[in-house]
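Asker: The following block contains the structure, expressed as structure tokens.
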Amino acid sequence: ESRCICYPALPLFVLLKNMGSFHFFLLLLTFFSLFVHTSPSPIIQAAIDQGTKAYYNCTRNSTFAAYSSYRSNVKTLLDFLSSNSTNNARFYNTTVSSKDTVYGSFLCRIDTTPKHCQECVTQAAKLISSLCKNATEAIVWYQVCYVRYSDRRFFSTVEESPKLSFMNDKDYVGNVGRFNNIVWDMMNDLRSEAASASNKSADKSVNITDNQKAYGYVRCLPYLSGENCSWCLSDAIAEIPTGCCRGKSGGTIIYPSCGVRYELYQFHKAHIR
């Protein structure tokens, strides 16, 4: 059974204020340093673990026994993901095949050190195993990484659910229509760039006024085709003016297969030009 918890638009520092298990990473989302200093919009198709503040979604719970072959395969798969995160990989997918096949993957932030990637994947694998004991498929998001498994082969398909969306609390001050058009054009330019890029990501800045810029970043899972990456990003970008973020000075949409963000400040300094 899916779990959905909806949150009011609180500033991020309120969400972080009482975090336990902080460790070396600020645990919140995934997609990866994209999503700092924004606030949840009313639609978040996930629950939040109060110990780590990681978001997670356990779907299609089944009645298989705790020691069924599928549960055993999930454990083996999560062990595979944890061990392969030590090989300087930023993303990895694998399959455990037997009577009940399970598919899984992890993805780390592209600016994360190998050590932090490995630690995050290991912790995420433990968390997803404990939170989603009877789930046929599950996903957990941290800021540094995400881990996912399913009985469906999802590696090259576009997955848009469960979804997380966040918005900056501040409304844009100025010509909102012009601002929305500039952001729309910027994000669609990034969509085209990411679809053809080897790492399936792109970033840029554009002038709003002589003294103001908008910054954007998009990313797809690296194993998506260019066509599927473009498709996923198109759907995510379309939610900016119609759903979460119209007239807001920043916003984020996160799907399992891709993510987009824009802001009026340079939030992704490692990559924004």
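The way I read the labels, and the way they are meant: chains A, B, ... in the order of the structure tokens, residue 1 as the first residue of every chain, and ligand 1 as the first ligand shown, with later ones counted on from there.
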If you run DSSP on this backbone, which residues of region 56-209 of chain A come out as alpha helix (DSSP H), and could you give them as JSON, numbers by chain?

Answerer: {"A": [69, 70, 71, 72, 73, 74, 75, 76, 77, 78, 79, 80, 81, 82, 83, 84, 114, 115, 116, 117, 118, 119, 120, 121, 122, 123, 124, 125, 126, 127, 128, 129, 130, 131, 176, 177, 178, 179, 180, 181, 182, 183, 184, 185, 186, 187, 188, 189, 190, 191, 192, 193, 194, 195, 196]}

Asker: Could you build a table of the residues in region 145-252 of chain A lying no more than 7 Å from region 258-262 of chain A, giving for each the nearest pair of atoms and their separation in Å rounded to one decimal place, using only C-alpha atoms, ordered by chain and ascending residue number, as CSV?

Answerer:
```
residue,atom,partner,partner_atom,distance
A:Ala214,CA,A:Tyr262,CA,6.9
A:Tyr215,CA,A:Tyr262,CA,5.4
A:Gly216,CA,A:Tyr262,CA,4.3
A:Tyr217,CA,A:Arg261,CA,5.4
A:Val218,CA,A:Val260,CA,4.4
A:Arg219,CA,A:Gly259,CA,5.4
A:Cys220,CA,A:Cys258,CA,4.1
A:Leu221,CA,A:Cys258,CA,6.0
A:Cys232,CA,A:Cys258,CA,6.3
A:Leu233,CA,A:Cys258,CA,6.4
A:Ala236,CA,A:Val260,CA,6.8
A:Ile237,CA,A:Val260,CA,6.9
A:Gly250,CA,A:Tyr262,CA,5.3
A:Gly251,CA,A:Arg261,CA,5.7
A:Thr252,CA,A:Arg261,CA,4.4
```

Asker: Dump all heavy atoms for the selected residues as a tab-separated table (two decimals), in the first residue's frame?

Answerer:
```tsv
chain	number	residue	atom	x	y	z
A	214	ALA	N	18.37	33.76	-13.61
A	214	ALA	CA	17.71	32.52	-13.19
A	214	ALA	C	18.67	31.37	-13.48
A	214	ALA	O	19.38	31.37	-14.50
A	214	ALA	CB	16.40	32.32	-13.94
A	215	TYR	N	18.70	30.41	-12.57
A	215	TYR	CA	19.59	29.26	-12.69
A	215	TYR	C	18.75	27.99	-12.78
A	215	TYR	O	17.76	27.84	-12.04
A	215	TYR	CB	20.52	29.17	-11.48
A	215	TYR	CG	21.40	30.38	-11.31
A	215	TYR	CD1	20.95	31.51	-10.63
A	215	TYR	CD2	22.69	30.41	-11.85
A	215	TYR	CE1	21.75	32.63	-10.48
A	215	TYR	CE2	23.50	31.53	-11.69
A	215	TYR	CZ	23.03	32.63	-11.01
A	215	TYR	OH	23.83	33.74	-10.87
A	216	GLY	N	19.14	27.10	-13.67
A	216	GLY	CA	18.39	25.86	-13.85
A	216	GLY	C	19.28	24.65	-13.91
A	216	GLY	O	20.45	24.73	-14.33
A	217	TYR	N	18.75	23.52	-13.51
A	217	TYR	CA	19.46	22.24	-13.57
A	217	TYR	C	18.46	21.13	-13.81
A	217	TYR	O	17.37	21.12	-13.23
A	217	TYR	CB	20.21	22.00	-12.25
A	217	TYR	CG	20.96	20.69	-12.19
A	217	TYR	CD1	22.21	20.54	-12.77
A	217	TYR	CD2	20.40	19.58	-11.55
A	217	TYR	CE1	22.89	19.34	-12.70
A	217	TYR	CE2	21.08	18.38	-11.48
A	217	TYR	CZ	22.33	18.26	-12.06
A	217	TYR	OH	23.00	17.06	-12.00
A	218	VAL	N	18.80	20.20	-14.69
A	218	VAL	CA	17.95	19.04	-14.94
A	218	VAL	C	18.84	17.80	-14.98
A	218	VAL	O	20.02	17.88	-15.32
A	218	VAL	CB	17.14	19.16	-16.25
A	218	VAL	CG1	16.31	20.43	-16.26
A	218	VAL	CG2	18.05	19.10	-17.47
A	219	ARG	N	18.25	16.68	-14.65
A	219	ARG	CA	19.00	15.43	-14.72
A	219	ARG	C	18.06	14.25	-14.92
A	219	ARG	O	16.99	14.20	-14.33
A	219	ARG	CB	19.82	15.21	-13.45
A	219	ARG	CG	20.76	14.02	-13.60
A	219	ARG	CD	21.65	13.82	-12.41
A	219	ARG	NE	22.61	12.76	-12.68
A	219	ARG	CZ	23.44	12.26	-11.77
A	219	ARG	NH1	23.42	12.73	-10.54
A	219	ARG	NH2	24.28	11.30	-12.08
A	220	CYS	N	18.49	13.32	-15.76
A	220	CYS	CA	17.81	12.04	-15.93
A	220	CYS	C	18.70	10.92	-15.39
A	220	CYS	O	19.91	11.10	-15.25
A	220	CYS	CB	17.53	11.74	-17.40
A	220	CYS	SG	16.38	12.86	-18.20
A	221	LEU	N	18.10	9.78	-15.10
A	221	LEU	CA	18.91	8.62	-14.79
A	221	LEU	C	19.76	8.27	-16.01
A	221	LEU	O	19.27	8.29	-17.14
A	221	LEU	CB	18.02	7.44	-14.41
A	221	LEU	CG	17.14	7.64	-13.18
A	221	LEU	CD1	16.46	6.34	-12.81
A	221	LEU	CD2	17.94	8.16	-12.00
A	232	CYS	N	10.65	12.36	-20.03
A	232	CYS	CA	10.52	12.51	-18.58
A	232	CYS	C	10.66	13.97	-18.17
A	232	CYS	O	9.85	14.49	-17.39
A	232	CYS	CB	11.59	11.66	-17.89
A	232	CYS	SG	11.45	11.61	-16.09
A	233	LEU	N	11.68	14.64	-18.71
A	233	LEU	CA	11.89	16.04	-18.34
A	233	LEU	C	10.77	16.94	-18.83
A	233	LEU	O	10.39	17.90	-18.16
A	233	LEU	CB	13.24	16.51	-18.91
A	233	LEU	CG	14.48	15.89	-18.27
A	233	LEU	CD1	15.73	16.34	-19.01
A	233	LEU	CD2	14.58	16.26	-16.79
A	236	ALA	N	8.05	16.72	-16.32
A	236	ALA	CA	8.42	17.40	-15.07
A	236	ALA	C	8.36	18.91	-15.24
A	236	ALA	O	7.82	19.63	-14.39
A	236	ALA	CB	9.81	16.96	-14.63
A	237	ILE	N	8.91	19.41	-16.34
A	237	ILE	CA	8.92	20.85	-16.61
A	237	ILE	C	7.50	21.39	-16.74
A	237	ILE	O	7.19	22.50	-16.30
A	237	ILE	CB	9.75	21.15	-17.86
A	237	ILE	CG1	11.23	20.85	-17.59
A	237	ILE	CG2	9.58	22.60	-18.31
A	237	ILE	CD1	12.09	20.81	-18.84
A	250	GLY	N	11.40	29.90	-7.22
A	250	GLY	CA	12.15	28.67	-7.41
A	250	GLY	C	11.25	27.47	-7.20
A	250	GLY	O	10.19	27.56	-6.57
A	251	GLY	N	11.64	26.34	-7.77
A	251	GLY	CA	10.84	25.13	-7.61
A	251	GLY	C	11.58	23.90	-8.08
A	251	GLY	O	12.55	23.99	-8.83
A	252	THR	N	11.09	22.75	-7.64
A	252	THR	CA	11.71	21.47	-7.92
A	252	THR	C	10.64	20.42	-8.15
A	252	THR	O	9.65	20.38	-7.43
A	252	THR	CB	12.57	21.01	-6.72
A	252	THR	OG1	13.61	21.97	-6.49
A	252	THR	CG2	13.21	19.66	-6.99
```

Asker: Pick the closest to Pro241 (chain A) from A:Asn180, A:Thr157, A:Thr113, A:Asn87: which is it, counting only C-alpha atoms?

Answerer: A:Asn180

Asker: Closest to Thr59 (chain A) among A:Pro222, A:Gly174, A:Pro162, A:Pro256, using only C-alpha atoms?

Answerer: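 Of A:Pro222, A:Gly174, A:Pro162, A:Pro256, the one nearest Thr59 (chain A), counting only C-alpha atoms, is A:Pro162.
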
Asker: Under the rule that only C-alpha atoms are counted, which of A:Ala202, A:Leu77, A:Cys229, A:Cys58 is the nearest residue to Val158 (chain A)?

Answerer: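 Nearest candidate to Val158 (chain A) out of A:Ala202, A:Leu77, A:Cys229, A:Cys58: A:Cys229.
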
Asker: Neighbours of Ser230 (chain A) within 8 Å (only C-alpha atoms; same-chain residues fewer than 2 positions away dropped), as an NGL selection string?

Answerer: :A and (191-192 or 194-195 or 226-228 or 232-234)

Asker: Just give me the gap between CA of Asp111 (chain A) and CA of Gln266 (chain A) in Å, one decimal is fine.

Answerer: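 Between these atoms lies a distance of 15.3 Å.
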
Asker: Could you pull out the residues in region 42-266 of chain A that DSSP calls strand (DSSP E) from the backbone, as a ChimeraX atom specification?

Answerer: /A:42-44,47-48,55-61,91-96,102-108,135-141,145-150,164-167,201-209,212-220,251-254,258-263

Asker: Can you write just those residues out, C-alpha atoms, as a CSV table (one decimal), in the first residue's frame?

Answerer:
```csv
chain,number,residue,atom,x,y,z
A,42,PRO,CA,1.1,20.0,-1.0
A,43,ILE,CA,1.7,16.9,-3.2
A,44,ILE,CA,4.4,14.6,-1.9
A,47,ALA,CA,6.5,9.3,3.7
A,48,ILE,CA,9.3,10.7,5.8
A,55,TYR,CA,11.8,10.3,2.1
A,56,TYR,CA,10.6,6.8,1.1
A,57,ASN,CA,7.8,5.0,-0.6
A,58,CYS,CA,6.8,1.4,-0.1
A,59,THR,CA,4.4,0.3,-2.9
A,60,ARG,CA,2.4,-2.8,-3.7
A,61,ASN,CA,2.8,-4.5,-0.3
A,91,PHE,CA,25.1,4.8,-10.5
A,92,TYR,CA,24.6,1.1,-10.8
A,93,ASN,CA,21.8,-1.3,-11.6
A,94,THR,CA,21.6,-5.0,-11.1
A,95,THR,CA,19.2,-8.0,-11.1
A,96,VAL,CA,18.9,-11.0,-8.9
A,102,VAL,CA,14.1,-8.5,-8.3
A,103,TYR,CA,15.6,-5.4,-10.0
A,104,GLY,CA,17.5,-2.6,-8.3
A,105,SER,CA,19.6,0.5,-8.7
A,106,PHE,CA,21.3,3.3,-6.9
A,107,LEU,CA,22.2,6.8,-8.1
A,108,CYS,CA,24.6,9.2,-6.3
A,135,ALA,CA,6.9,-4.2,-0.2
A,136,THR,CA,7.1,-5.6,-3.7
A,137,GLU,CA,8.9,-2.4,-4.7
A,138,ALA,CA,10.3,0.5,-2.8
A,139,ILE,CA,12.4,3.7,-3.1
A,140,VAL,CA,14.3,5.8,-0.6
A,141,TRP,CA,15.6,9.3,-1.2
A,145,CYS,CA,21.8,9.2,-3.2
A,146,TYR,CA,18.7,7.2,-3.8
A,147,VAL,CA,18.2,3.4,-3.8
A,148,ARG,CA,15.3,1.5,-5.4
A,149,TYR,CA,14.2,-2.0,-6.0
A,150,SER,CA,11.2,-3.6,-7.8
A,164,LEU,CA,8.2,14.8,-4.9
A,165,SER,CA,7.6,18.5,-5.6
A,166,PHE,CA,9.0,21.5,-3.8
A,167,MET,CA,8.7,25.2,-4.2
A,201,SER,CA,22.3,16.3,-17.1
A,202,ALA,CA,22.6,19.9,-17.9
A,203,ASP,CA,22.7,23.3,-16.2
A,204,LYS,CA,22.7,27.0,-17.2
A,205,SER,CA,21.9,30.5,-16.2
A,206,VAL,CA,19.9,33.1,-18.1
A,207,ASN,CA,19.4,36.9,-17.6
A,208,ILE,CA,16.1,38.0,-16.2
A,209,THR,CA,17.1,41.6,-15.9
A,212,GLN,CA,19.2,39.3,-12.1
A,213,LYS,CA,19.7,35.7,-13.3
A,214,ALA,CA,17.7,32.5,-13.2
A,215,TYR,CA,19.6,29.3,-12.7
A,216,GLY,CA,18.4,25.9,-13.8
A,217,TYR,CA,19.5,22.2,-13.6
A,218,VAL,CA,18.0,19.0,-14.9
A,219,ARG,CA,19.0,15.4,-14.7
A,220,CYS,CA,17.8,12.0,-15.9
A,251,GLY,CA,10.8,25.1,-7.6
A,252,THR,CA,11.7,21.5,-7.9
A,253,ILE,CA,10.0,18.4,-9.4
A,254,ILE,CA,11.5,15.0,-8.7
A,258,CYS,CA,14.4,12.5,-13.6
A,259,GLY,CA,14.5,15.8,-11.8
A,260,VAL,CA,14.4,19.5,-12.5
A,261,ARG,CA,15.0,22.7,-10.5
A,262,TYR,CA,15.2,26.4,-11.0
A,263,GLU,CA,16.1,29.3,-8.7
```

Asker: Just give me the gap between CA of Cys117 (chain A) and CA of Glu193 (chain A) in Å, one decimal is fine.

Answerer: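 It comes out at 25.7 Å.
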